[in-house]
Structure formats: structure tokens, C-alpha cells
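Structure below is run22.tsv: TSV, C-alpha atoms and all ligand atoms.
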chain	number	residue	atom	x	y	z
A	9	MET	CA	-25.67	3.16	-32.24
A	10	ALA	CA	-24.75	2.56	-28.61
A	11	ILE	CA	-22.74	3.85	-25.67
A	12	LEU	CA	-20.14	1.48	-24.22
A	13	LEU	CA	-19.98	1.36	-20.40
A	14	GLY	CA	-17.45	-0.48	-18.24
A	15	ASP	CA	-16.80	-1.18	-14.57
A	16	VAL	CA	-13.37	-2.69	-14.04
A	17	GLY	CA	-12.43	-3.99	-10.60
A	18	GLY	CA	-9.41	-5.99	-9.49
A	19	THR	CA	-11.28	-9.30	-9.95
A	20	ASN	CA	-14.12	-8.65	-12.41
A	21	ALA	CA	-14.85	-6.38	-15.37
A	22	ARG	CA	-18.48	-5.66	-16.31
A	23	LEU	CA	-19.31	-4.24	-19.72
A	24	ALA	CA	-22.64	-3.07	-21.07
A	25	LEU	CA	-24.24	-1.10	-23.89
A	26	ALA	CA	-26.65	1.79	-23.37
A	27	ARG	CA	-29.17	2.85	-25.96
A	28	ASN	CA	-31.59	5.80	-25.86
A	29	GLY	CA	-30.42	6.85	-22.39
A	30	SER	CA	-30.72	3.52	-20.60
A	31	ILE	CA	-28.64	0.40	-20.12
A	32	ASP	CA	-29.53	-2.60	-22.27
A	33	ARG	CA	-29.72	-5.23	-19.50
A	34	GLN	CA	-29.33	-8.08	-21.97
A	35	SER	CA	-25.93	-6.75	-22.94
A	36	VAL	CA	-24.44	-6.67	-19.40
A	37	THR	CA	-21.53	-9.14	-19.38
A	38	ARG	CA	-19.11	-10.06	-16.62
A	39	PHE	CA	-15.54	-11.00	-17.50
A	40	ARG	CA	-13.00	-12.45	-15.07
A	41	GLY	CA	-9.82	-10.39	-15.23
A	42	ASP	CA	-7.63	-13.48	-14.87
A	43	ASP	CA	-8.85	-14.72	-18.25
A	44	TYR	CA	-7.53	-11.70	-20.22
A	45	ALA	CA	-4.12	-10.11	-20.73
A	46	SER	CA	-5.48	-6.57	-21.09
A	47	PHE	CA	-8.67	-4.52	-20.91
A	48	ASP	CA	-8.44	-3.93	-24.68
A	49	ASP	CA	-8.85	-7.70	-25.16
A	50	VAL	CA	-12.01	-7.62	-23.00
A	51	VAL	CA	-13.44	-4.75	-25.07
A	52	ARG	CA	-12.66	-6.54	-28.36
A	53	GLN	CA	-14.34	-9.72	-27.17
A	54	PHE	CA	-17.40	-7.86	-25.83
A	55	LEU	CA	-17.93	-5.88	-29.04
A	56	GLN	CA	-17.61	-9.05	-31.08
A	57	GLU	CA	-20.21	-10.79	-28.87
A	58	GLN	CA	-22.51	-7.78	-29.34
A	59	ASP	CA	-22.19	-7.89	-33.17
A	60	GLN	CA	-19.87	-4.87	-33.43
A	61	PRO	CA	-22.36	-2.04	-32.71
A	62	ARG	CA	-21.43	1.53	-33.74
A	63	ILE	CA	-20.10	3.08	-30.50
A	64	THR	CA	-20.67	6.82	-30.09
A	65	ALA	CA	-19.34	7.31	-26.56
A	66	VAL	CA	-17.47	5.33	-23.91
A	67	CYS	CA	-17.24	5.68	-20.14
A	68	VAL	CA	-15.18	3.19	-18.15
A	69	ALA	CA	-14.91	3.15	-14.34
A	70	VAL	CA	-11.54	1.86	-13.15
A	71	ALA	CA	-10.56	0.67	-9.65
A	72	GLY	CA	-7.49	2.87	-9.48
A	73	PRO	CA	-6.43	6.51	-9.76
A	74	VAL	CA	-7.32	8.37	-12.99
A	75	SER	CA	-5.53	11.44	-14.32
A	76	ASN	CA	-5.02	13.16	-17.68
A	77	GLY	CA	-7.09	10.55	-19.50
A	78	GLN	CA	-4.96	7.67	-18.19
A	79	ALA	CA	-5.63	5.12	-15.46
A	80	ARG	CA	-4.11	2.01	-13.98
A	81	LEU	CA	-5.85	-0.70	-11.97
A	82	THR	CA	-4.45	-0.87	-8.44
A	83	ASN	CA	-4.88	-4.63	-8.05
A	84	ARG	CA	-4.08	-5.88	-11.59
A	85	PRO	CA	-1.38	-4.73	-14.08
A	86	TRP	CA	-3.82	-3.28	-16.62
A	87	ASP	CA	-3.56	0.26	-17.91
A	88	PHE	CA	-6.16	2.39	-19.68
A	89	SER	CA	-6.04	5.42	-21.94
A	90	GLU	CA	-8.87	7.52	-23.32
A	91	ASP	CA	-7.00	7.94	-26.64
A	92	ARG	CA	-6.44	4.20	-27.02
A	93	LEU	CA	-10.09	3.43	-26.20
A	94	ALA	CA	-11.18	6.04	-28.76
A	95	ARG	CA	-9.06	4.31	-31.44
A	96	LEU	CA	-10.29	0.86	-30.40
A	97	THR	CA	-13.99	1.75	-30.46
A	98	ASP	CA	-14.09	4.65	-32.96
A	99	ALA	CA	-16.06	6.65	-30.38
A	100	ASP	CA	-16.06	10.46	-30.45
A	101	GLN	CA	-16.29	10.84	-26.69
A	102	VAL	CA	-14.33	8.70	-24.20
A	103	ARG	CA	-14.14	9.18	-20.46
A	104	LEU	CA	-12.24	7.25	-17.78
A	105	ILE	CA	-13.39	7.74	-14.18
A	106	ASN	CA	-12.56	6.15	-10.85
A	107	ASP	CA	-14.94	3.26	-10.02
A	108	LEU	CA	-15.96	4.75	-6.68
A	109	THR	CA	-16.65	8.08	-8.36
A	110	ALA	CA	-18.97	6.14	-10.68
A	111	MET	CA	-20.73	4.63	-7.66
A	112	GLY	CA	-21.09	8.13	-6.25
A	113	PHE	CA	-22.73	9.33	-9.49
A	114	ALA	CA	-25.09	6.33	-9.24
A	115	THR	CA	-26.39	7.05	-5.71
A	116	PRO	CA	-29.32	9.28	-6.82
A	117	VAL	CA	-30.72	6.58	-9.13
A	118	LEU	CA	-30.38	3.55	-6.84
A	119	SER	CA	-33.67	2.36	-5.37
A	120	GLY	CA	-35.94	-0.66	-4.95
A	121	ASP	CA	-34.23	-4.05	-4.93
A	122	GLY	CA	-30.91	-2.45	-5.76
A	123	LEU	CA	-30.65	-0.82	-2.35
A	124	ALA	CA	-31.28	-2.24	1.14
A	125	THR	CA	-31.56	-0.18	4.32
A	126	LEU	CA	-29.27	-1.77	6.90
A	127	ARG	CA	-29.67	0.91	9.54
A	128	SER	CA	-32.32	3.64	9.71
A	129	ALA	CA	-31.66	7.05	11.21
A	130	PRO	CA	-34.30	9.30	12.86
A	131	ALA	CA	-36.62	10.91	10.28
A	132	GLY	CA	-36.22	14.37	11.83
A	133	ARG	CA	-32.41	14.24	11.83
A	134	PRO	CA	-30.37	17.16	10.49
A	135	ARG	CA	-29.68	16.83	6.74
A	136	ASN	CA	-26.70	18.22	4.82
A	137	GLY	CA	-26.88	16.85	1.25
A	138	GLN	CA	-23.78	14.71	1.85
A	139	SER	CA	-23.43	10.96	1.47
A	140	LEU	CA	-20.56	8.47	1.24
A	141	VAL	CA	-20.02	5.27	-0.72
A	142	VAL	CA	-17.75	2.76	1.06
A	143	ASN	CA	-16.54	-0.14	-1.12
A	144	LEU	CA	-15.12	-3.34	0.36
A	145	GLY	CA	-14.13	-5.54	-2.58
A	146	THR	CA	-10.82	-6.54	-4.16
A	147	GLY	CA	-9.76	-3.09	-3.01
A	148	PHE	CA	-11.08	-0.56	-0.52
A	149	ASN	CA	-12.08	3.02	-1.25
A	150	VAL	CA	-14.73	5.66	-0.58
A	151	CYS	CA	-16.48	8.38	-2.56
A	152	ALA	CA	-17.90	11.46	-0.89
A	153	VAL	CA	-21.02	12.73	-2.67
A	154	ARG	CA	-22.67	16.14	-2.45
A	155	SER	CA	-26.11	16.98	-3.88
A	156	LEU	CA	-26.21	19.92	-6.26
A	157	PRO	CA	-29.25	21.96	-7.34
A	158	GLY	CA	-31.36	20.25	-10.02
A	159	GLY	CA	-30.79	16.69	-8.80
A	160	ALA	CA	-27.15	16.42	-9.96
A	161	VAL	CA	-24.36	15.34	-7.61
A	162	ALA	CA	-20.66	16.05	-7.20
A	163	ALA	CA	-18.64	12.89	-6.54
A	164	LEU	CA	-15.17	13.42	-5.09
A	165	GLU	CA	-12.16	11.23	-5.88
A	166	ALA	CA	-10.22	9.66	-3.02
A	167	GLU	CA	-7.68	6.92	-2.28
A	168	GLU	CA	-8.91	6.14	1.24
A	169	GLY	CA	-7.66	2.53	0.98
A	170	HIS	CA	-4.12	3.80	1.12
A	171	THR	CA	-4.45	5.68	4.41
A	172	SER	CA	-3.00	4.27	7.64
A	173	LEU	CA	-5.24	2.27	9.93
A	174	PRO	CA	-6.81	4.31	12.75
A	175	ALA	CA	-5.06	3.60	16.08
A	176	ASN	CA	-8.12	2.01	17.73
A	177	ILE	CA	-8.46	-0.49	14.85
A	178	TYR	CA	-4.73	-1.19	14.85
A	179	LEU	CA	-4.81	-1.97	18.59
A	180	ARG	CA	-7.88	-4.25	18.29
A	181	LEU	CA	-6.15	-6.18	15.50
A	182	LEU	CA	-2.87	-6.35	17.43
A	183	ASP	CA	-4.74	-7.79	20.40
A	184	ALA	CA	-6.46	-10.41	18.20
A	185	VAL	CA	-3.62	-11.55	15.92
A	186	GLY	CA	-0.37	-10.65	17.74
A	187	PRO	CA	2.58	-8.52	16.57
A	188	GLU	CA	3.94	-10.89	13.90
A	189	ALA	CA	0.70	-11.09	11.90
A	190	MET	CA	0.31	-7.27	12.15
A	191	ALA	CA	2.99	-6.77	9.46
A	192	GLY	CA	0.37	-7.48	6.76
A	193	PHE	CA	-2.21	-4.97	8.02
A	194	ILE	CA	-0.31	-1.91	6.86
A	195	SER	CA	-3.09	0.16	5.29
A	196	THR	CA	-6.87	0.46	5.41
A	197	GLU	CA	-7.09	-1.54	2.16
A	198	GLU	CA	-4.86	-4.35	3.48
A	199	ALA	CA	-7.21	-4.72	6.46
A	200	PHE	CA	-10.63	-4.13	4.84
A	201	ALA	CA	-10.49	-5.41	1.25
A	202	GLY	CA	-11.13	-9.11	0.57
A	203	ARG	CA	-7.52	-9.97	1.34
A	204	GLY	CA	-7.89	-8.30	4.77
A	205	LEU	CA	-10.73	-10.66	5.65
A	206	SER	CA	-8.62	-13.58	4.34
A	207	ARG	CA	-5.56	-12.43	6.29
A	208	LEU	CA	-7.59	-12.10	9.50
A	209	HIS	CA	-9.02	-15.60	9.06
A	210	ALA	CA	-5.54	-17.00	8.35
A	211	ALA	CA	-4.16	-15.35	11.50
A	212	LEU	CA	-6.99	-16.70	13.67
A	213	THR	CA	-6.79	-20.23	12.24
A	214	GLY	CA	-3.01	-20.43	11.77
A	215	THR	CA	-3.54	-21.59	8.16
A	216	THR	CA	-2.82	-20.05	4.75
A	217	PRO	CA	-5.27	-17.41	3.45
A	218	VAL	CA	-8.41	-18.59	1.60
A	219	PRO	CA	-10.78	-16.36	-0.45
A	220	GLY	CA	-13.48	-14.41	1.37
A	221	GLU	CA	-16.29	-16.33	-0.30
A	222	GLN	CA	-14.96	-19.54	1.28
A	223	ILE	CA	-14.94	-17.94	4.75
A	224	ASP	CA	-18.47	-16.64	4.13
A	225	ARG	CA	-19.71	-20.12	3.18
A	226	ALA	CA	-17.95	-21.69	6.21
A	227	ALA	CA	-19.57	-19.09	8.51
A	228	ASP	CA	-23.02	-19.85	7.04
A	229	ALA	CA	-22.37	-23.56	7.65
A	230	GLY	CA	-21.68	-22.82	11.34
A	231	ASP	CA	-17.86	-23.01	11.37
A	232	PRO	CA	-16.84	-21.35	14.69
A	233	VAL	CA	-13.54	-19.78	13.52
A	234	ALA	CA	-15.14	-18.42	10.33
A	235	ASN	CA	-17.87	-16.89	12.51
A	236	ALA	CA	-15.33	-15.48	14.96
A	237	THR	CA	-13.44	-13.98	11.99
A	238	TYR	CA	-16.63	-12.36	10.66
A	239	ASP	CA	-17.62	-11.09	14.13
A	240	LEU	CA	-14.27	-9.37	14.61
A	241	PHE	CA	-14.14	-8.13	11.00
A	242	THR	CA	-17.66	-6.65	11.32
A	243	ASP	CA	-16.72	-4.93	14.61
A	244	LEU	CA	-13.72	-3.39	12.83
A	245	VAL	CA	-15.84	-2.26	9.86
A	246	GLY	CA	-18.18	-0.56	12.37
A	247	LEU	CA	-15.22	1.26	13.97
A	248	LEU	CA	-13.89	2.29	10.56
A	249	CYS	CA	-17.30	3.55	9.42
A	250	ARG	CA	-17.53	5.66	12.59
A	251	GLU	CA	-14.21	7.28	11.61
A	252	LEU	CA	-15.53	7.83	8.08
A	253	ALA	CA	-18.77	9.30	9.45
A	254	MET	CA	-16.76	11.83	11.43
A	255	ARG	CA	-14.54	12.68	8.43
A	256	PHE	CA	-17.28	13.09	5.81
A	257	MET	CA	-20.51	13.68	7.82
A	258	PRO	CA	-22.67	11.70	5.38
A	259	LEU	CA	-26.02	12.55	7.01
A	260	GLU	CA	-27.92	11.51	3.84
A	261	GLY	CA	-26.43	8.03	4.17
A	262	MET	CA	-23.44	5.77	4.00
A	263	PHE	CA	-23.70	3.26	1.13
A	264	LEU	CA	-21.78	0.01	1.67
A	265	ALA	CA	-20.75	-1.73	-1.56
A	266	GLY	CA	-18.61	-4.61	-2.86
A	267	SER	CA	-18.76	-8.37	-2.26
A	268	VAL	CA	-17.08	-8.11	1.14
A	269	GLY	CA	-19.43	-5.27	2.17
A	270	ARG	CA	-22.42	-7.39	1.17
A	271	SER	CA	-21.09	-10.36	3.16
A	272	ILE	CA	-21.31	-8.53	6.53
A	273	SER	CA	-24.87	-7.26	6.00
A	274	ASP	CA	-26.40	-10.00	8.17
A	275	ARG	CA	-24.34	-8.87	11.18
A	276	MET	CA	-25.69	-5.36	11.56
A	277	ASP	CA	-26.18	-5.65	15.34
A	278	ARG	CA	-22.44	-6.03	15.75
A	279	PHE	CA	-21.75	-3.32	13.18
A	280	GLU	CA	-24.04	-0.89	15.00
A	281	ALA	CA	-22.54	-1.67	18.43
A	282	SER	CA	-19.08	-0.58	17.28
A	283	PHE	CA	-20.37	2.19	14.96
A	284	LEU	CA	-22.00	3.85	18.01
A	285	ALA	CA	-19.50	2.75	20.72
A	286	GLU	CA	-17.63	6.06	21.01
A	287	PRO	CA	-19.74	8.46	23.11
A	288	TYR	CA	-17.97	11.61	21.90
A	289	MET	CA	-19.99	13.19	19.01
A	290	ARG	CA	-22.16	10.08	18.86
A	291	HIS	CA	-24.99	12.10	17.35
A	292	ILE	CA	-23.14	12.04	13.98
A	293	PRO	CA	-23.08	8.23	13.47
A	294	GLU	CA	-26.50	8.03	15.16
A	295	ASN	CA	-27.93	10.33	12.51
A	296	THR	CA	-26.25	8.45	9.63
A	297	PRO	CA	-28.41	5.82	7.89
A	298	ILE	CA	-26.56	2.84	6.40
A	299	PHE	CA	-27.57	1.40	3.03
A	300	LEU	CA	-26.26	-1.59	1.11
A	301	ILE	CA	-25.77	-1.30	-2.64
A	302	ARG	CA	-27.00	-4.66	-3.94
A	303	ASP	CA	-27.23	-3.73	-7.60
A	304	ASP	CA	-24.24	-5.16	-9.44
A	305	MET	CA	-24.74	-2.55	-12.14
A	306	ALA	CA	-24.41	0.51	-9.87
A	307	ALA	CA	-21.08	1.70	-11.30
A	308	LEU	CA	-22.47	1.27	-14.83
A	309	TYR	CA	-25.38	3.62	-14.01
A	310	GLY	CA	-22.77	6.04	-12.68
A	311	CYS	CA	-20.80	5.83	-15.93
A	312	LEU	CA	-23.92	6.66	-17.92
A	313	ALA	CA	-24.64	9.62	-15.62
A	314	ALA	CA	-21.04	10.82	-15.98
A	315	LEU	CA	-21.49	11.18	-19.77
A	316	ALA	CA	-24.69	13.25	-19.41
A	401	LIG	N1	-19.43	-13.83	-0.40
A	401	LIG	C1	-18.25	-13.27	-0.18
A	401	LIG	N2	-17.82	-13.05	1.07
A	401	LIG	C2	-16.64	-12.45	1.31
A	401	LIG	N3	-15.78	-12.06	0.36
A	401	LIG	C3	-16.15	-12.27	-0.90
A	401	LIG	C4	-17.38	-12.87	-1.25
A	401	LIG	N4	-17.48	-12.93	-2.61
A	401	LIG	C5	-16.33	-12.39	-3.09
A	401	LIG	N5	-15.52	-11.99	-2.07
A	401	LIG	C6	-14.20	-11.34	-2.18
A	401	LIG	O1	-14.47	-10.01	-2.63
A	401	LIG	C7	-13.40	-9.56	-3.49
A	401	LIG	C8	-14.00	-9.17	-4.85
A	401	LIG	O2	-14.82	-8.04	-4.64
A	401	LIG	P1	-15.90	-7.58	-5.72
A	401	LIG	O3	-16.75	-8.76	-6.07
A	401	LIG	O4	-16.59	-6.40	-5.14
A	401	LIG	O5	-15.01	-7.35	-7.00
A	401	LIG	P2	-14.37	-6.13	-7.76
A	401	LIG	O6	-15.45	-5.28	-8.33
A	401	LIG	O7	-13.38	-6.73	-8.70
A	401	LIG	O8	-13.57	-5.36	-6.64
A	401	LIG	P3	-12.96	-3.84	-6.67
A	401	LIG	O9	-13.95	-2.96	-7.36
A	401	LIG	O10	-12.78	-3.51	-5.21
A	401	LIG	O11	-11.63	-3.96	-7.37
A	401	LIG	C9	-12.42	-10.72	-3.59
A	401	LIG	O12	-11.41	-10.50	-2.60
A	401	LIG	C10	-13.28	-11.93	-3.23
A	401	LIG	O13	-12.49	-12.99	-2.69
Representation of the structure as C-alpha cells:
Amino acid sequence: MAILLGDVGGTNARLALARNGSIDRQSVTRFRGDDYASFDDVVRQFLQEQDQPRITAVCVAVAGPVSNGQARLTNRPWDFSEDRLARLTDADQVRLINDLTAMGFATPVLSGDGLATLRSAPAGRPRNGQSLVVNLGTGFNVCAVRSLPGGAVAALEAEEGHTSLPANIYLRLLDAVGPEAMAGFISTEEAFAGRGLSRLHAALTGTTPVPGEQIDRAADAGDPVANATYDLFTDLVGLLCRELAMRFMPLEGMFLAGSVGRSISDRMDRFEASFLAEPYMRHIPENTPIFLIRDDMAALYGCLAALA
């Protein structure tokens, strides 16, 4: 008997089994979305690889909006339904949740190697039980988290990636890339997900977009334009996180996540300079610690917590 857990992003899907209240690490498997026509195919293949265990419950985190037991990935044409998953797995209990909501549910259990402190805040700072997960991956989104009595948390759904860019970020980008290239930077997600980093690099080099991991490798190898792209991108992430700090007041911490989020973690001096640049109400970002979620399984922990 096992619980089936899933974390489905625009690029990757991770599946795992949980037994006796904890995730079986051996079972965690990553599937590339491009290799499958549907999520049902991924589930079938995973269960076959795991010798068809009896599934009692399912929770799948999806990178897209969820309502009435249905969900659709924002960055891949896959749809999900609790009823269909129940039929496919024979489980009695099936729950679909947003992937950032899952990350929010995971925040209380992340520790050790799974979490790095990128920026400390004063120990005696005011506390308010609020934190925020900020994911920069194939997509962009946030999850506001509030502690509840007894160690539980409330994790709020949002579609922050589909908000308009703040004016200060828009103007910095306009200055760097010119009006023609600005047409692509229409929303927060278009600027801050992986394709935003790629688009920025393409605009600065005058070439076609390449994946973020390629820009990251070029920057590590000392390529000047890749480094200039990362410097500007990190400045912009700092400005955006200042906006998010004002909107959500996450005095317990802001948790950066996603492959793109992880790739800026060695540029925290630049991040901090723009995070704290605005003098008005600076005490709020100053009192906000910044963490990096390094654990690839974070959303899976959140799925398990969501079934509890
Ligand atoms: N080292 C890296 N540096 C910069 N960008 C990267 C790096 N590795 C992967 N990416 C980019 O990150 C994005 C994938 O993000 P992630 O690995 O967090 O996947 P995901 O879980 O599928 O995303 P999401 O949950 O947002 O849909 C792609 O745009 C990819 O090109």
C-alpha cells in the first residue's frame, strides 16, 4: 500500500511513493514532459516501474490553476482531473493542488541541506508568521504562507506570474533592451521565468534565445555577455522581490525556488543592493530573510502534507 505523489512543472514531472507517512526516496523519479503525450501516460509508466503498488491516495501538484478537481498546466497542453486519476490508480482519495501551494505546505519541513540562507535578517526583527515562496522556473509564481496554531500552515493560491511588470522594472528593461525587444516582456512570468532570462540574453547579444542552463554555464566560464545578462537579471529579481516583500510582508522569510532561482544564488550582493535600494519602508525588506529551496522534492513533501 502506498500514496502516489506528483510534482508536475512545465519541463519536468517528478513522481514518488510514500509509505507509513514518509516519502520512499528510492521511488522518486523524474520524467521529461516532452517524452510523454499526457500525464496519465507518465503515471502508467511510473506505476509499472514500481511494480503496480496498491495506491490508497494521490496528491499531484500542478504548475497551473486548479479548480473543481480539474487543472491544466500553464506551459504544456496537459490536463488533469481528480476523477480520472482516481479511475487510473484505483485510489479512494485524490487531490490536485497548485505546485506553489505545495511548496508553501512544504516550508515548515524544509531544513538542513534542503534549505540555504541567502540573506539573514536581524534576530530581534518583528515577526508575523508570514512567509512567501517565489518560484522562478519554466513559469513564475508565488505562494503566501501563514502559520496556524499547532504547526500547520495556510498556503494561498495565486497567479502572480500573470500580473503586469512593475513600472520600475519595465523602465530598467526598456533602457537595457530598447522598445522593440520590450514586446516580449509583457508579464511578470515572461520576464522572470526561464524564457525571460533567455529573452534578456537574446536581446543583449542580438542572437536567438538559448536555454537558461546554457547562459548559466557560459557565465561560469567567464563569458562577458552571459555575466552581464545575469547581473541585470539578478538586479531585476531584487527589485521584484522588494515589490513582493511590500505586498506580502513575509517577515518569516522569502523562499526562492526553481532552477532559475537557484542559478542567481551566487549573486546575492547584487540581489541585496536592488532589494534594499528603495529607501521608503526599507525596514520591511531589511527584516525579510531570504532562503533558497535546494531540495528538489519540496513540492512532494507539500503534497504529502496536503493529504494529512
Ligand atoms: N542552471 C540553470 N540556469 C538557468 N536556468 C535554468 C537552469 N537549469 C534550468 N533552467 C531553466 O529553468 C526552467 C525549468 O525550471 P525548473 O527546473 O524549476 O522546472 P519546472 O519544475 O518544470 O518548472 P515550473 O514548476 O516553473 O513549471 C527552464 O526554463 C530551464 O531552461
Nearby polymer residues, ligand LIG 401 (chain A), at most 9 Å, all atoms listed in the file, as an NGL selection string:
:A and (15-22 or 40-41 or 70-72 or 81-84 or 107-108 or 143-149 or 201-206 or 218-225 or 265-272 or 304)
Store the residues of this selection in a file with C-alpha atoms, as a tab-separated table (two decimals), keeping the file's coordinate frame.
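Output (selection-v2.tsv):
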chain	number	residue	atom	x	y	z
A	15	ASP	CA	-16.80	-1.18	-14.57
A	16	VAL	CA	-13.37	-2.69	-14.04
A	17	GLY	CA	-12.43	-3.99	-10.60
A	18	GLY	CA	-9.41	-5.99	-9.49
A	19	THR	CA	-11.28	-9.30	-9.95
A	20	ASN	CA	-14.12	-8.65	-12.41
A	21	ALA	CA	-14.85	-6.38	-15.37
A	22	ARG	CA	-18.48	-5.66	-16.31
A	40	ARG	CA	-13.00	-12.45	-15.07
A	41	GLY	CA	-9.82	-10.39	-15.23
A	70	VAL	CA	-11.54	1.86	-13.15
A	71	ALA	CA	-10.56	0.67	-9.65
A	72	GLY	CA	-7.49	2.87	-9.48
A	81	LEU	CA	-5.85	-0.70	-11.97
A	82	THR	CA	-4.45	-0.87	-8.44
A	83	ASN	CA	-4.88	-4.63	-8.05
A	84	ARG	CA	-4.08	-5.88	-11.59
A	107	ASP	CA	-14.94	3.26	-10.02
A	108	LEU	CA	-15.96	4.75	-6.68
A	143	ASN	CA	-16.54	-0.14	-1.12
A	144	LEU	CA	-15.12	-3.34	0.36
A	145	GLY	CA	-14.13	-5.54	-2.58
A	146	THR	CA	-10.82	-6.54	-4.16
A	147	GLY	CA	-9.76	-3.09	-3.01
A	148	PHE	CA	-11.08	-0.56	-0.52
A	149	ASN	CA	-12.08	3.02	-1.25
A	201	ALA	CA	-10.49	-5.41	1.25
A	202	GLY	CA	-11.13	-9.11	0.57
A	203	ARG	CA	-7.52	-9.97	1.34
A	204	GLY	CA	-7.89	-8.30	4.77
A	205	LEU	CA	-10.73	-10.66	5.65
A	206	SER	CA	-8.62	-13.58	4.34
A	218	VAL	CA	-8.41	-18.59	1.60
A	219	PRO	CA	-10.78	-16.36	-0.45
A	220	GLY	CA	-13.48	-14.41	1.37
A	221	GLU	CA	-16.29	-16.33	-0.30
A	222	GLN	CA	-14.96	-19.54	1.28
A	223	ILE	CA	-14.94	-17.94	4.75
A	224	ASP	CA	-18.47	-16.64	4.13
A	225	ARG	CA	-19.71	-20.12	3.18
A	265	ALA	CA	-20.75	-1.73	-1.56
A	266	GLY	CA	-18.61	-4.61	-2.86
A	267	SER	CA	-18.76	-8.37	-2.26
A	268	VAL	CA	-17.08	-8.11	1.14
A	269	GLY	CA	-19.43	-5.27	2.17
A	270	ARG	CA	-22.42	-7.39	1.17
A	271	SER	CA	-21.09	-10.36	3.16
A	272	ILE	CA	-21.31	-8.53	6.53
A	304	ASP	CA	-24.24	-5.16	-9.44
Draw an axis-aligned box tight on the listed atoms of stretch 80-91 of chain A, then pad every side by 5 Å and write out centre and edge lengths in Å to one decimal as lines of an AutoDock Vina configuration file.
center_x = -5.1
center_y = 1.0
center_z = -17.3
size_x = 17.5
size_y = 23.8
size_z = 28.6
Between atom CA of A:Ser119 and atom CA of A:Leu284, what is the distance in Å, rounded to a tenth?
26.2 Å
Have a look at atom CA of A:Pro130 and atom CA of A:Ser273 and let me know their distance in Å, one decimal.
20.3 Å
Any idea what's packed within 6 Å of A:Leu13, counting only C-alpha atoms, ignoring anything in its chain fewer than 2 positions away? Could you give it as a list in words?
Leu23, Ala24, Val66, Cys67 and Val68 of chain A
